[in-house]
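Shown below: upload-v1.pdb, with PDB, C-alpha atoms and all ligand atoms.
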```
ATOM      1  CA  MET S   1     -89.825-148.947-135.243  1.00  0.00           C
ATOM      2  CA  ALA S   2     -89.903-151.502-132.430  1.00  0.00           C
ATOM      3  CA  LYS S   3     -87.165-154.155-132.515  1.00  0.00           C
ATOM      4  CA  SER S   4     -89.877-156.708-131.762  1.00  0.00           C
ATOM      5  CA  MET S   5     -91.728-155.809-134.971  1.00  0.00           C
ATOM      6  CA  LYS S   6     -91.724-158.705-137.373  1.00  0.00           C
ATOM      7  CA  LEU S   7     -89.855-158.291-140.618  1.00  0.00           C
ATOM      8  CA  VAL S   8     -92.972-158.984-142.692  1.00  0.00           C
ATOM      9  CA  LYS S   9     -94.849-156.081-141.073  1.00  0.00           C
ATOM     10  CA  HIS S  10     -91.853-153.766-141.401  1.00  0.00           C
ATOM     11  CA  LEU S  11     -91.580-154.424-145.139  1.00  0.00           C
ATOM     12  CA  ALA S  12     -95.330-153.970-145.606  1.00  0.00           C
ATOM     13  CA  ASN S  13     -95.116-150.646-143.714  1.00  0.00           C
ATOM     14  CA  LEU S  14     -92.290-149.546-146.019  1.00  0.00           C
ATOM     15  CA  GLY S  15     -94.602-150.099-149.009  1.00  0.00           C
ATOM     16  CA  TYR S  16     -93.048-153.280-150.424  1.00  0.00           C
ATOM     17  CA  GLY S  17     -96.561-154.757-150.685  1.00  0.00           C
ATOM     18  CA  SER S  18     -99.484-155.937-148.596  1.00  0.00           C
ATOM     19  CA  ARG S  19     -98.688-158.316-145.706  1.00  0.00           C
ATOM     20  CA  ARG S  20     -99.756-161.146-148.026  1.00  0.00           C
ATOM     21  CA  GLU S  21     -97.580-159.975-150.934  1.00  0.00           C
ATOM     22  CA  VAL S  22     -94.596-159.474-148.665  1.00  0.00           C
ATOM     23  CA  ALA S  23     -95.127-162.936-147.152  1.00  0.00           C
ATOM     24  CA  TRP S  24     -94.779-164.314-150.695  1.00  0.00           C
ATOM     25  CA  MET S  25     -91.545-162.402-151.215  1.00  0.00           C
ATOM     26  CA  PHE S  26     -90.135-164.280-148.209  1.00  0.00           C
ATOM     27  CA  ARG S  27     -91.348-167.632-149.573  1.00  0.00           C
ATOM     28  CA  GLU S  28     -89.671-166.839-152.884  1.00  0.00           C
ATOM     29  CA  GLY S  29     -86.376-166.213-151.083  1.00  0.00           C
ATOM     30  CA  ARG S  30     -86.214-162.605-152.238  1.00  0.00           C
ATOM     31  CA  VAL S  31     -85.563-161.276-148.724  1.00  0.00           C
ATOM     32  CA  THR S  32     -82.049-161.979-147.465  1.00  0.00           C
ATOM     33  CA  ASP S  33     -79.439-160.642-145.107  1.00  0.00           C
ATOM     34  CA  ALA S  34     -76.342-158.825-146.345  1.00  0.00           C
ATOM     35  CA  ALA S  35     -74.527-162.144-146.831  1.00  0.00           C
ATOM     36  CA  GLY S  36     -77.332-163.486-149.036  1.00  0.00           C
ATOM     37  CA  GLU S  37     -78.838-165.834-146.394  1.00  0.00           C
ATOM     38  CA  VAL S  38     -82.588-166.141-146.873  1.00  0.00           C
ATOM     39  CA  LEU S  39     -84.634-164.481-144.112  1.00  0.00           C
ATOM     40  CA  TYR S  40     -88.062-165.516-142.820  1.00  0.00           C
ATOM     41  CA  ALA S  41     -91.180-163.430-142.260  1.00  0.00           C
ATOM     42  CA  ASP S  42     -91.050-163.696-138.475  1.00  0.00           C
ATOM     43  CA  ASP S  43     -87.303-163.071-138.133  1.00  0.00           C
ATOM     44  CA  PRO S  44     -86.391-160.175-135.816  1.00  0.00           C
ATOM     45  CA  LEU S  45     -85.931-156.802-137.410  1.00  0.00           C
ATOM     46  CA  ASP S  46     -82.446-155.515-138.219  1.00  0.00           C
ATOM     47  CA  HIS S  47     -83.235-152.868-140.844  1.00  0.00           C
ATOM     48  CA  GLY S  48     -79.675-152.187-141.988  1.00  0.00           C
ATOM     49  CA  SER S  49     -78.819-155.775-142.809  1.00  0.00           C
ATOM     50  CA  VAL S  50     -81.966-156.671-144.807  1.00  0.00           C
ATOM     51  CA  ARG S  51     -81.868-156.891-148.605  1.00  0.00           C
ATOM     52  CA  VAL S  52     -84.804-157.268-151.006  1.00  0.00           C
ATOM     53  CA  ASP S  53     -83.690-158.684-154.357  1.00  0.00           C
ATOM     54  CA  GLY S  54     -80.157-157.862-153.169  1.00  0.00           C
ATOM     55  CA  GLU S  55     -80.943-154.165-152.577  1.00  0.00           C
ATOM     56  CA  PRO S  56     -80.805-152.402-149.176  1.00  0.00           C
ATOM     57  CA  LEU S  57     -84.183-151.368-147.774  1.00  0.00           C
ATOM     58  CA  ASP S  58     -85.665-147.898-148.223  1.00  0.00           C
ATOM     59  CA  PRO S  59     -84.977-145.619-145.247  1.00  0.00           C
ATOM     60  CA  PRO S  60     -86.824-146.575-142.039  1.00  0.00           C
ATOM     61  CA  PRO S  61     -89.537-144.394-140.449  1.00  0.00           C
ATOM     62  CA  GLY S  62     -88.207-141.017-139.359  1.00  0.00           C
ATOM     63  CA  LEU S  63     -87.610-140.158-143.012  1.00  0.00           C
ATOM     64  CA  VAL S  64     -87.251-136.485-143.988  1.00  0.00           C
ATOM     65  CA  LEU S  65     -86.804-135.483-147.619  1.00  0.00           C
ATOM     66  CA  MET S  66     -86.293-132.297-149.463  1.00  0.00           C
ATOM     67  CA  LEU S  67     -87.715-131.992-152.946  1.00  0.00           C
ATOM     68  CA  HIS S  68     -87.179-129.293-155.555  1.00  0.00           C
ATOM     69  CA  LYS S  69     -90.821-128.884-156.489  1.00  0.00           C
ATOM     70  CA  PRO S  70     -91.428-128.003-160.130  1.00  0.00           C
ATOM     71  CA  ALA S  71     -94.425-125.955-161.276  1.00  0.00           C
ATOM     72  CA  GLY S  72     -97.567-127.835-162.299  1.00  0.00           C
ATOM     73  CA  CYS S  73     -97.918-130.308-159.428  1.00  0.00           C
ATOM     74  CA  THR S  74     -99.767-129.940-156.154  1.00  0.00           C
ATOM     75  CA  CYS S  75     -99.058-130.964-152.573  1.00  0.00           C
ATOM     76  CA  SER S  76    -102.501-132.530-152.111  1.00  0.00           C
ATOM     77  CA  SER S  77    -102.741-136.298-152.397  1.00  0.00           C
ATOM     78  CA  LYS S  78    -106.458-135.812-153.181  1.00  0.00           C
ATOM     79  CA  ASP S  79    -105.692-133.839-156.338  1.00  0.00           C
ATOM     80  CA  PRO S  80    -106.587-135.803-159.487  1.00  0.00           C
ATOM     81  CA  GLY S  81    -103.684-134.186-161.385  1.00  0.00           C
ATOM     82  CA  ARG S  82     -99.902-134.442-160.906  1.00  0.00           C
ATOM     83  CA  ILE S  83     -98.858-134.403-157.266  1.00  0.00           C
ATOM     84  CA  VAL S  84     -95.469-134.089-155.613  1.00  0.00           C
ATOM     85  CA  HIS S  85     -95.564-137.746-154.504  1.00  0.00           C
ATOM     86  CA  ASP S  86     -95.373-138.715-158.204  1.00  0.00           C
ATOM     87  CA  LEU S  87     -91.776-137.443-158.178  1.00  0.00           C
ATOM     88  CA  LEU S  88     -90.774-139.965-155.479  1.00  0.00           C
ATOM     89  CA  PRO S  89     -90.383-143.761-155.743  1.00  0.00           C
ATOM     90  CA  PRO S  90     -93.912-145.263-156.056  1.00  0.00           C
ATOM     91  CA  ARG S  91     -93.312-147.349-152.901  1.00  0.00           C
ATOM     92  CA  PHE S  92     -93.147-144.151-150.851  1.00  0.00           C
ATOM     93  CA  ARG S  93     -96.884-143.619-151.500  1.00  0.00           C
ATOM     94  CA  LEU S  94     -97.651-146.829-149.604  1.00  0.00           C
ATOM     95  CA  ARG S  95     -95.586-146.171-146.480  1.00  0.00           C
ATOM     96  CA  ASP S  96     -97.105-146.326-143.012  1.00  0.00           C
ATOM     97  CA  PRO S  97     -96.588-143.894-141.300  1.00  0.00           C
ATOM     98  CA  ALA S  98     -97.379-141.826-144.385  1.00  0.00           C
ATOM     99  CA  LEU S  99     -95.004-139.306-145.903  1.00  0.00           C
ATOM    100  CA  SER S 100     -96.647-135.851-145.662  1.00  0.00           C
ATOM    101  CA  THR S 101     -95.600-132.514-147.054  1.00  0.00           C
ATOM    102  CA  VAL S 102     -94.455-130.005-144.438  1.00  0.00           C
ATOM    103  CA  GLY S 103     -96.851-127.178-145.243  1.00  0.00           C
ATOM    104  CA  ARG S 104     -97.675-126.625-148.893  1.00  0.00           C
ATOM    105  CA  LEU S 105     -96.515-124.803-151.971  1.00  0.00           C
ATOM    106  CA  ASP S 106     -99.093-123.737-154.570  1.00  0.00           C
ATOM    107  CA  ARG S 107     -99.321-125.648-157.847  1.00  0.00           C
ATOM    108  CA  ASP S 108     -97.311-122.995-159.666  1.00  0.00           C
ATOM    109  CA  THR S 109     -94.772-122.287-156.934  1.00  0.00           C
ATOM    110  CA  THR S 110     -91.362-123.914-157.387  1.00  0.00           C
ATOM    111  CA  GLY S 111     -88.665-124.622-154.835  1.00  0.00           C
ATOM    112  CA  LEU S 112     -87.768-126.297-151.592  1.00  0.00           C
ATOM    113  CA  LEU S 113     -90.463-128.550-150.151  1.00  0.00           C
ATOM    114  CA  LEU S 114     -89.913-130.820-147.143  1.00  0.00           C
ATOM    115  CA  LEU S 115     -91.714-134.121-146.638  1.00  0.00           C
ATOM    116  CA  THR S 116     -91.619-136.322-143.552  1.00  0.00           C
ATOM    117  CA  ASP S 117     -93.342-139.244-141.855  1.00  0.00           C
ATOM    118  CA  ASP S 118     -92.384-137.862-138.421  1.00  0.00           C
ATOM    119  CA  GLY S 119     -95.430-136.012-137.071  1.00  0.00           C
ATOM    120  CA  ALA S 120     -93.596-134.399-134.142  1.00  0.00           C
ATOM    121  CA  LEU S 121     -90.879-133.067-136.448  1.00  0.00           C
ATOM    122  CA  LEU S 122     -93.483-131.768-138.915  1.00  0.00           C
ATOM    123  CA  HIS S 123     -95.182-129.812-136.140  1.00  0.00           C
ATOM    124  CA  ARG S 124     -91.870-128.449-134.927  1.00  0.00           C
ATOM    125  CA  ILE S 125     -91.053-127.146-138.427  1.00  0.00           C
ATOM    126  CA  VAL S 126     -94.435-125.530-139.096  1.00  0.00           C
ATOM    127  CA  SER S 127     -94.988-124.249-135.546  1.00  0.00           C
ATOM    128  CA  PRO S 128     -95.009-120.437-135.414  1.00  0.00           C
ATOM    129  CA  LYS S 129     -92.894-120.853-132.247  1.00  0.00           C
ATOM    130  CA  SER S 130     -90.005-122.146-134.375  1.00  0.00           C
ATOM    131  CA  LYS S 131     -90.113-118.934-136.441  1.00  0.00           C
ATOM    132  CA  LEU S 132     -88.213-120.752-139.182  1.00  0.00           C
ATOM    133  CA  PRO S 133     -87.574-118.208-141.933  1.00  0.00           C
ATOM    134  CA  LYS S 134     -89.023-119.197-145.313  1.00  0.00           C
ATOM    135  CA  VAL S 135     -87.445-117.318-148.186  1.00  0.00           C
ATOM    136  CA  TYR S 136     -89.395-116.612-151.388  1.00  0.00           C
ATOM    137  CA  GLU S 137     -88.387-114.929-154.628  1.00  0.00           C
ATOM    138  CA  ALA S 138     -91.310-113.321-156.401  1.00  0.00           C
ATOM    139  CA  THR S 139     -91.624-112.003-159.951  1.00  0.00           C
ATOM    140  CA  LEU S 140     -94.319-109.352-160.064  1.00  0.00           C
ATOM    141  CA  ALA S 141     -96.751-108.124-162.713  1.00  0.00           C
ATOM    142  CA  ALA S 142     -96.165-104.429-161.919  1.00  0.00           C
ATOM    143  CA  ASP S 143     -93.258-102.321-160.649  1.00  0.00           C
ATOM    144  CA  LEU S 144     -92.809-102.176-156.863  1.00  0.00           C
ATOM    145  CA  ARG S 145     -94.224 -98.944-155.413  1.00  0.00           C
ATOM    146  CA  GLY S 146     -91.522 -98.486-152.785  1.00  0.00           C
ATOM    147  CA  ASP S 147     -93.687 -98.772-149.671  1.00  0.00           C
ATOM    148  CA  GLU S 148     -93.932-102.589-149.606  1.00  0.00           C
ATOM    149  CA  ALA S 149     -90.952-103.217-147.306  1.00  0.00           C
ATOM    150  CA  ALA S 150     -92.431-100.955-144.605  1.00  0.00           C
ATOM    151  CA  LEU S 151     -95.905-102.451-145.031  1.00  0.00           C
ATOM    152  CA  PHE S 152     -94.651-106.039-144.754  1.00  0.00           C
ATOM    153  CA  ALA S 153     -92.350-105.235-141.798  1.00  0.00           C
ATOM    154  CA  SER S 154     -95.082-103.407-139.877  1.00  0.00           C
ATOM    155  CA  GLY S 155     -96.575-106.364-138.017  1.00  0.00           C
ATOM    156  CA  THR S 156     -99.990-104.766-138.571  1.00  0.00           C
ATOM    157  CA  LEU S 157    -100.834-105.949-142.098  1.00  0.00           C
ATOM    158  CA  MET S 158    -104.139-107.803-141.998  1.00  0.00           C
ATOM    159  CA  LEU S 159    -105.025-110.058-144.908  1.00  0.00           C
ATOM    160  CA  GLU S 160    -108.607-110.349-146.089  1.00  0.00           C
ATOM    161  CA  SER S 161    -110.763-112.740-144.009  1.00  0.00           C
ATOM    162  CA  GLU S 162    -108.070-113.102-141.323  1.00  0.00           C
ATOM    163  CA  THR S 163    -108.412-112.068-137.691  1.00  0.00           C
ATOM    164  CA  THR S 164    -104.759-111.598-136.678  1.00  0.00           C
ATOM    165  CA  PRO S 165    -102.178-109.394-138.381  1.00  0.00           C
ATOM    166  CA  LEU S 166     -99.176-110.925-140.130  1.00  0.00           C
ATOM    167  CA  LEU S 167     -95.881-111.230-138.308  1.00  0.00           C
ATOM    168  CA  PRO S 168     -93.275-108.772-139.585  1.00  0.00           C
ATOM    169  CA  ALA S 169     -91.647-110.001-142.818  1.00  0.00           C
ATOM    170  CA  GLU S 170     -88.509-108.739-144.574  1.00  0.00           C
ATOM    171  CA  LEU S 171     -88.561-107.567-148.190  1.00  0.00           C
ATOM    172  CA  GLU S 172     -85.419-107.140-150.279  1.00  0.00           C
ATOM    173  CA  VAL S 173     -85.802-105.492-153.675  1.00  0.00           C
ATOM    174  CA  LEU S 174     -83.997-107.461-156.422  1.00  0.00           C
ATOM    175  CA  GLY S 175     -85.250-105.413-159.377  1.00  0.00           C
ATOM    176  CA  PRO S 176     -88.222-103.242-160.419  1.00  0.00           C
ATOM    177  CA  ARG S 177     -90.446-106.338-160.513  1.00  0.00           C
ATOM    178  CA  ARG S 178     -88.439-108.805-158.459  1.00  0.00           C
ATOM    179  CA  ALA S 179     -88.269-109.173-154.701  1.00  0.00           C
ATOM    180  CA  ARG S 180     -87.072-111.556-152.037  1.00  0.00           C
ATOM    181  CA  LEU S 181     -89.471-111.951-149.124  1.00  0.00           C
ATOM    182  CA  THR S 182     -88.643-113.708-145.843  1.00  0.00           C
ATOM    183  CA  LEU S 183     -91.623-114.967-143.829  1.00  0.00           C
ATOM    184  CA  HIS S 184     -91.689-116.392-140.305  1.00  0.00           C
ATOM    185  CA  GLU S 185     -95.084-118.078-140.554  1.00  0.00           C
ATOM    186  CA  GLY S 186     -97.024-119.835-143.293  1.00  0.00           C
ATOM    187  CA  ARG S 187    -100.558-118.732-144.066  1.00  0.00           C
ATOM    188  CA  TYR S 188    -102.649-119.813-147.013  1.00  0.00           C
ATOM    189  CA  HIS S 189    -101.281-118.284-150.276  1.00  0.00           C
ATOM    190  CA  GLN S 190     -99.447-115.847-148.032  1.00  0.00           C
ATOM    191  CA  VAL S 191     -96.951-114.324-150.476  1.00  0.00           C
ATOM    192  CA  ARG S 192     -99.541-113.895-153.237  1.00  0.00           C
ATOM    193  CA  ARG S 193    -102.006-112.326-150.806  1.00  0.00           C
ATOM    194  CA  MET S 194     -99.384-109.986-149.346  1.00  0.00           C
ATOM    195  CA  PHE S 195     -98.471-108.610-152.757  1.00  0.00           C
ATOM    196  CA  ALA S 196    -102.185-108.392-153.642  1.00  0.00           C
ATOM    197  CA  ALA S 197    -102.631-106.300-150.460  1.00  0.00           C
ATOM    198  CA  ALA S 198     -99.874-104.032-151.834  1.00  0.00           C
ATOM    199  CA  GLY S 199    -101.737-103.625-155.153  1.00  0.00           C
ATOM    200  CA  ASN S 200     -99.536-106.021-157.133  1.00  0.00           C
ATOM    201  CA  HIS S 201     -99.773-109.539-158.536  1.00  0.00           C
ATOM    202  CA  VAL S 202     -97.267-112.411-158.239  1.00  0.00           C
ATOM    203  CA  GLU S 203     -96.500-113.891-161.663  1.00  0.00           C
ATOM    204  CA  ALA S 204     -93.926-116.453-160.535  1.00  0.00           C
ATOM    205  CA  LEU S 205     -92.883-117.647-157.097  1.00  0.00           C
ATOM    206  CA  HIS S 206     -89.860-119.678-156.019  1.00  0.00           C
ATOM    207  CA  ARG S 207     -88.729-120.800-152.538  1.00  0.00           C
ATOM    208  CA  PRO S 208     -84.946-121.304-152.438  1.00  0.00           C
ATOM    209  CA  ARG S 209     -84.607-121.735-148.653  1.00  0.00           C
ATOM    210  CA  VAL S 210     -86.354-122.906-145.482  1.00  0.00           C
ATOM    211  CA  GLY S 211     -84.531-122.184-142.226  1.00  0.00           C
ATOM    212  CA  GLY S 212     -80.830-122.784-142.800  1.00  0.00           C
ATOM    213  CA  LEU S 213     -81.501-125.294-145.572  1.00  0.00           C
ATOM    214  CA  ALA S 214     -81.139-124.273-149.230  1.00  0.00           C
ATOM    215  CA  LEU S 215     -81.733-126.114-152.498  1.00  0.00           C
ATOM    216  CA  ASP S 216     -77.975-125.884-153.154  1.00  0.00           C
ATOM    217  CA  GLY S 217     -78.071-127.018-156.766  1.00  0.00           C
ATOM    218  CA  LEU S 218     -80.687-129.760-156.317  1.00  0.00           C
ATOM    219  CA  ALA S 219     -82.238-129.992-159.801  1.00  0.00           C
ATOM    220  CA  GLU S 220     -85.922-129.231-160.376  1.00  0.00           C
ATOM    221  CA  GLY S 221     -87.941-132.413-159.773  1.00  0.00           C
ATOM    222  CA  ALA S 222     -85.084-134.056-157.817  1.00  0.00           C
ATOM    223  CA  TRP S 223     -85.137-135.019-154.128  1.00  0.00           C
ATOM    224  CA  ARG S 224     -82.781-136.275-151.447  1.00  0.00           C
ATOM    225  CA  ALA S 225     -83.145-137.722-147.951  1.00  0.00           C
ATOM    226  CA  LEU S 226     -81.958-135.377-145.205  1.00  0.00           C
ATOM    227  CA  GLU S 227     -79.243-136.362-142.737  1.00  0.00           C
ATOM    228  CA  ALA S 228     -78.853-135.242-139.111  1.00  0.00           C
ATOM    229  CA  ASP S 229     -76.564-132.354-140.110  1.00  0.00           C
ATOM    230  CA  ASP S 230     -79.186-131.093-142.635  1.00  0.00           C
ATOM    231  CA  LEU S 231     -81.776-131.016-139.830  1.00  0.00           C
ATOM    232  CA  ALA S 232     -79.344-129.172-137.555  1.00  0.00           C
ATOM    233  CA  ARG S 233     -78.878-126.598-140.344  1.00  0.00           C
ATOM    234  CA  LEU S 234     -82.647-126.364-140.914  1.00  0.00           C
ATOM    235  CA  PHE S 235     -83.266-125.376-137.291  1.00  0.00           C
ATOM    236  CA  ALA S 236     -80.098-123.316-136.845  1.00  0.00           C
ATOM    237  CA  ALA S 237     -81.864-120.363-138.490  1.00  0.00           C
ATOM    238  CA  GLY S 238     -84.913-120.354-136.187  1.00  0.00           C
ATOM    239  CA  ASP S 239     -85.770-120.144-132.486  1.00  0.00           C
ATOM    240  CA  ALA S 240     -86.564-123.833-131.928  1.00  0.00           C
TER
HETATM  241  N1  LIG S 301     -97.141-118.174-150.463  1.00  0.00           N
HETATM  242  C1  LIG S 301     -97.884-118.325-151.564  1.00  0.00           C
HETATM  243  O1  LIG S 301     -98.651-117.453-151.926  1.00  0.00           O
HETATM  244  N2  LIG S 301     -97.751-119.452-152.271  1.00  0.00           N
HETATM  245  C2  LIG S 301     -96.911-120.453-151.943  1.00  0.00           C
HETATM  246  O2  LIG S 301     -96.839-121.455-152.646  1.00  0.00           O
HETATM  247  C3  LIG S 301     -96.139-120.283-150.776  1.00  0.00           C
HETATM  248  C4  LIG S 301     -96.272-119.132-150.059  1.00  0.00           C
END
```

Please express the file's structure as C-alpha cells.
Ligand code: URA
Amino acid sequence: MAKSMKLVKHLANLGYGSRREVAWMFREGRVTDAAGEVLYADDPLDHGSVRVDGEPLDPPPGLVLMLHKPAGCTCSSKDPGRIVHDLLPPRFRLRDPALSTVGRLDRDTTGLLLLTDDGALLHRIVSPKSKLPKVYEATLAADLRGDEAALFASGTLMLESETTPLLPAELEVLGPRRARLTLHEGRYHQVRRMFAAAGNHVEALHRPRVGGLALDGLAEGAWRALEADDLARLFAAGDA
C-alpha cells in the first residue's frame, strides 16, 4: 500500500465501490478524517485516520483471517452454491488484492480455515518446507483396525494416482471410531484418502488447529482478523 496511492483508489481496492462510485462518496462528503473533516479523492493516504460514514476503514492489505468453517460451504469462489466468502462482509469479495483461502477444506469438513490477501504469506503457510502441522479429528464409519498409526507414520504410504509417498503423519486414537491425525503437508482430500487406504471411511472431519493456532472457542461460522502474535503462534509450531 504505497503512501502515494490516492485515497480514491485505496477505497476502491478495499471494495467500497468502483472508482466512480467511490468518487461519488467523496463528493457526498461521506469520507472524512477522524475529526470529521471532509476528505478529497486525491488526498494522500493515511489509512488509520480515514472514516467512511463515520466508521474506520476495513483492514488494509496484508489481511489474514481465521474462519471457523461450517459444513455445507466450499472454498471455491467458482462454486454456484454457498462459499466461505459468504460468511465474511460482502465488501471483502471485492478487495484487490483478493482474499484467498490458504489451502482448502472440503464442503463437509468443518474447522479452522485461514484466508489472506498476502501471496507470499500464503505460500509460506502451505509450503511443505514450513511443515506446519495440521490437526484433524475424524469420525469413522468402521472401527479402527489397530495398524493405522504405523501405516500413516511409515513415510511409505502411497495414495492412488500419486507418485510420491506421504510424509509421516501421527495418529492418536480417541475412540473405536474416532481419531486425531496430524499432517505436515496438504494433498487433495488427504485425510479421507488416507483412511480409505486403511479400509475405512471418514464420516465427519473437523480441523481444530493449524500450526500453533487453534479455534479457541471461535463459534462455527465466525471469523476474526489475525494479529502479529497470532501469526507468531501459527509459525511457532513449524520449521519456517
Ligand atoms: N483432508 C480431507 O480429506 N479433507 C479436508 O477437508 C482436509 C483434509

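Against the coordinates shown, the PyMOL selection byres (((chain S and resi 195-201) around 10) and not hetatm) returns Ala138, Thr139, Leu140, Ala141, Ala142, Asp143, Leu144, Arg145, Asp147, Glu148, Leu151, Phe152, Leu157, Met158, Leu159, Glu160, Arg177, Gln190, Val191, Arg192, Arg193, Met194, Val202, Glu203 and Ala204 of chain S.
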
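Pairwise distance (CA of Leu7 (chain S), CA of Leu45 (chain S)) equals 5.3 Å.
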
Q | Neighbourhood of ligand LIG 301 (chain S) at 12 Å, counting only C-alpha atoms and all ligand atoms, reported as a ChimeraX atom specification | A | /S:69-75,102-113,133-139,181-197,201-210

Could you tell me, as a compact mmCIF listing (two decimals) with C-alpha atoms, in the coordinates of the input, exactly which residues end up selected when the PyMOL selection byres (((chain S and resi 168) around 7) and not hetatm) is applied to this structure?
```
# COMPACT_ATOMS: atom_id res chain seq x y z
CA PHE S 152 -94.65 -106.04 -144.75
CA ALA S 153 -92.35 -105.24 -141.80
CA SER S 154 -95.08 -103.41 -139.88
CA GLY S 155 -96.58 -106.36 -138.02
CA LEU S 166 -99.18 -110.92 -140.13
CA LEU S 167 -95.88 -111.23 -138.31
CA ALA S 169 -91.65 -110.00 -142.82
CA GLU S 170 -88.51 -108.74 -144.57
```

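For the choices S:Ile83, S:His68, S:Asp96, S:Ala232, the atom-to-atom distance to Lys9 (chain S) is smallest for S:Asp96 when using only C-alpha atoms.
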
(Q) Evaluate the PyMOL selection byres (((chain S and resi 32) around 10) and not hetatm) against this structure - the residues, as a PyMOL selection string, please. (A) chain S and resi 26+29-31+33-40+49-56

Q) Quick one: residues within 8 Å of Gly15 (chain S), all atoms listed in the file counted, chain neighbours fewer than 2 positions away excluded, as an NGL selection string? A) :S and (11-13 or 17-18 or 91-96)

Writer output for current selection, C-alpha atoms, as a short mmCIF file (atom, residue, chain, number, x, y, z; two decimals), keeping the file's coordinate frame:
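Full text of again_3.cif as output:
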```
data_model
loop_
_atom_site.label_atom_id
_atom_site.label_comp_id
_atom_site.auth_asym_id
_atom_site.auth_seq_id
_atom_site.Cartn_x
_atom_site.Cartn_y
_atom_site.Cartn_z
CA LEU S 11 -91.58 -154.42 -145.14
CA ALA S 12 -95.33 -153.97 -145.61
CA ASN S 13 -95.12 -150.65 -143.71
CA GLY S 17 -96.56 -154.76 -150.68
CA SER S 18 -99.48 -155.94 -148.60
CA ARG S 91 -93.31 -147.35 -152.90
CA PHE S 92 -93.15 -144.15 -150.85
CA ARG S 93 -96.88 -143.62 -151.50
CA LEU S 94 -97.65 -146.83 -149.60
CA ARG S 95 -95.59 -146.17 -146.48
CA ASP S 96 -97.10 -146.33 -143.01
#
```

Q: Step by step: start from the point (-83.8, -138.7, -145.0) in the file's coordinates, keep every protein, DNA or RNA residue that has an atom no farther than 7 Å from it, count all atoms listed in the file, and write the set as a PyMOL selection string.
A: chain S and resi 63-65+224-227

Q: Can you work out the spacing between CA of Gly212 (chain S) and CA of Ala236 (chain S) in Å, to one decimal?
A: 6.0 Å

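Between CA of Leu215 (chain S) and CA of Lys78 (chain S) the separation is 26.6 Å.
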
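Candidate residues S:Val8, S:Glu21, S:Pro80, S:Leu14 were compared for distance to Ala41 (chain S), and the nearest is S:Val8, using all atoms listed in the file.
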
Q. With only C-alpha atoms as the atoms that count, which of S:Leu132, S:Ala149, S:Ala98, S:Ala219 lies nearest to Val173 (chain S)?
A. S:Ala149

Let me have the centre and edge lengths of the axis-aligned box enclosing all listed atoms of region 223-235 of chain S with 3 Å padding on every side, in Å to one decimal, as JSON.
```
{"center_x": -80.9, "center_y": -131.5, "center_z": -145.7, "size_x": 14.6, "size_y": 18.3, "size_z": 22.8}
```
